[in-house]
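Since the structure comes first, as structure tokens, the remarks are kept for the end.
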Amino acid sequence: MKNLEQLDSILALIEKGAEEVIGMEELKEKLKHGRKLKVKLGLDPSAPDIHLGHTVVLRKLKAFQDLGHEVHIIIGDFTGRIGDPTGKSKSRVELSKEKVLENAKTYTDQIFKILDPEKTVVHFNSTWLEKMDLQETLLLMKTTTVARMMEREDFKKRFESGFPIGLNEFVYPLLQGYDSLMIEADVELGGTDQTFNLLMGRTLQKSRGKSPQTVLMMPLLEGLDGVEKMSKSLGNYVGIDEEPQVMFQKIMTLPDSLILKYFTLVTDLTPEEILNKENTLKEENPKNVKLQLARLLTGLYHGEEAAKEAEAYFTTVFTKEEIPGNLPELLWEPSNMTLAVLLRESGYVESQNAFKRLLAQKGLAVNGEKISREEELPAEGSFTLSIGKRTHVKIISA
């Protein structure tokens, strides 16, 4: 490390947007000595579709890569197969080995839209966990107590509510910590809902006489409703694989109060650039700054040209209230899939029930003519489908 000023600048970038950092002194010492850090993120293989909420930690990992450090992604294929704790009122359903691998492939395809694959090492934790014998497992369990496990908030709530807790669920945080031991992690990232598990890595490393990892906890990102955590099940999400026009339009519905938070957590802007955005928000119409955010995020995942086209589409539809000529196209095979499923999977409707409600309320139009029954959909050929007043897509049936 050349000087303290440079160190302060690096730490400011690392801490940007973080909710809490535990083990900062260990991190500073490693950075002062020019240590190339191993930065860890564990991924649950049960839900492979990544939205902006997931990218909060991925963007932070990219910041470490940009600083010259190495990212280690741990795919929880072993723990996913036995059913790890969900953080909710019940344990997670076990996944087959084939399903875990399928989800993992989808995950890696998406994360490399953000991370540099040359600076990323992907591990499957079955590599070492399948080799653990009973003695090693019992020694691992010896490092903590039942009382300590009951400090975990979801375990505590389930116990008080009378919901069962499997002994395997107590072992899971230890296995996550064991992952840190195996790769000799210097830093582990996660959301604030993962605090207990993240700290277990420090506990196990200390018990083996190792330098404990720094724990960097990132806040949970509110969805487009501005209230709940971003979630596909709640329909308040922005998927990174969604069509550019859909992504741009969704971001423009974001509450003004979250504009700065999104710039901070899901873009690569520096602390100085974010401060400039904060000052701009005080002087300009928030819509103008939100347009910058939508342009930036759409460009990150689809390229600058697609972002420009998405903005032009948004301006035409939402400002001039016209149906543009260059509509996004969806290929529809009626024999294999209903239109409701196609629109849900493409991000145009939240669910099949939402599609049915739109039909009942005459919120759908084919070539400008409102419809109220699925039977009124053309059986073949292409047509323009209007979803509400401002969303339009060209359906090409095959």
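Chain labels A, B, ... are given in the sequence in which chains occur in the structure tokens; within each chain residues are numbered consecutively from 1, and ligands are likewise numbered from 1 in the order shown.
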Excluding Leu115 in chain A and its own-chain neighbours fewer than 5 positions away, which residues fall within 9 Å of it when counting only C-alpha atoms? Please give them as a compact mmCIF listing (two decimals) with C-alpha atoms, in the first residue's frame.
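Wrote it out as result25.txt, contents follow:
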```txt
# COMPACT_ATOMS: atom_id res chain seq x y z
CA LEU A 58 -22.38 -8.86 -6.76
CA ARG A 59 -21.57 -5.20 -7.44
CA LEU A 61 -17.67 -8.21 -5.37
CA LYS A 62 -16.93 -6.46 -8.65
CA GLN A 65 -12.14 -7.34 -8.40
CA VAL A 71 -13.65 -13.51 -5.80
CA THR A 120 -13.55 -15.47 -10.16
```
task: Identify, on the basis of only C-alpha atoms, every residue whose closest approach to Gln213 in chain A does not exceed 8 Å; exclude the query and any residue fewer than 5 positions from it along the same chain; express the result as a PyMOL selection string.
output: chain A and resi 23+26+180+185-188+201-202+205
- prompt: What lies within 12 Å of Val146 in chain A using only C-alpha atoms, ignoring chain neighbours under 4 positions off, as a PyMOL selection string?
  reply: chain A and resi 141-142+150-152+155-156+165+167+169-171
message: Using only C-alpha atoms for the distances, tell me which of A:Tyr172, A:Gln6, A:Gly191, A:Met132 is nearest to Leu41 in chain A.
response: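 Selected residue with least distance to Leu41 in chain A: A:Gly191.
Within range 115-312 of chain A, residues classed as strand (DSSP E or B) by DSSP on backbone coordinates are A:Thr120, A:Val121, A:Val122, A:His123, A:Phe124, A:Val187, A:Glu188, A:Leu189, A:Gly190, A:Gly191, A:Thr214, A:Val215, A:Leu216, A:Met217, A:Met218, A:Glu222, A:Lys229, A:Gly239.
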Can I get the selection written as a PDB file, in the first residue's frame, with C-alpha atoms?
```pdb
ATOM      1  CA  THR A 120     -13.547 -15.466 -10.159  1.00  0.00           C
ATOM      2  CA  VAL A 121     -13.172 -18.978  -8.738  1.00  0.00           C
ATOM      3  CA  VAL A 122     -16.360 -21.056  -8.514  1.00  0.00           C
ATOM      4  CA  HIS A 123     -16.487 -23.844  -5.919  1.00  0.00           C
ATOM      5  CA  PHE A 124     -19.103 -26.468  -5.109  1.00  0.00           C
ATOM      6  CA  VAL A 187     -13.693 -11.352   3.422  1.00  0.00           C
ATOM      7  CA  GLU A 188     -17.223 -12.737   3.243  1.00  0.00           C
ATOM      8  CA  LEU A 189     -20.173 -10.804   1.859  1.00  0.00           C
ATOM      9  CA  GLY A 190     -23.867 -11.255   2.520  1.00  0.00           C
ATOM     10  CA  GLY A 191     -27.120  -9.525   3.320  1.00  0.00           C
ATOM     11  CA  THR A 214     -13.880  -9.625   7.632  1.00  0.00           C
ATOM     12  CA  VAL A 215     -17.666  -9.703   7.388  1.00  0.00           C
ATOM     13  CA  LEU A 216     -19.208  -7.154   5.037  1.00  0.00           C
ATOM     14  CA  MET A 217     -22.972  -6.967   5.399  1.00  0.00           C
ATOM     15  CA  MET A 218     -24.978  -5.250   2.701  1.00  0.00           C
ATOM     16  CA  GLU A 222     -36.406  -2.507  -1.313  1.00  0.00           C
ATOM     17  CA  LYS A 229     -37.561  -6.469   0.037  1.00  0.00           C
ATOM     18  CA  GLY A 239     -34.723  -8.867 -13.407  1.00  0.00           C
TER      19      GLY A 239
END
```
task: Give me every alpha helix (DSSP H) residue in range 75-270 of chain A, going by DSSP on the backbone, as JSON, numbers by chain.
output: {"A": [77, 78, 79, 80, 81, 82, 97, 98, 99, 100, 101, 102, 103, 104, 105, 106, 107, 108, 109, 110, 111, 126, 127, 128, 129, 134, 135, 136, 137, 138, 139, 140, 141, 146, 147, 148, 149, 153, 154, 155, 156, 157, 158, 159, 160, 161, 167, 168, 169, 170, 171, 172, 173, 174, 175, 176, 177, 178, 179, 180, 181, 182, 183, 195, 196, 197, 198, 199, 200, 201, 202, 203, 204, 205, 206, 207, 244, 245, 246, 247, 248, 249, 250, 251, 259, 260, 261, 262, 263, 264, 265, 266]}
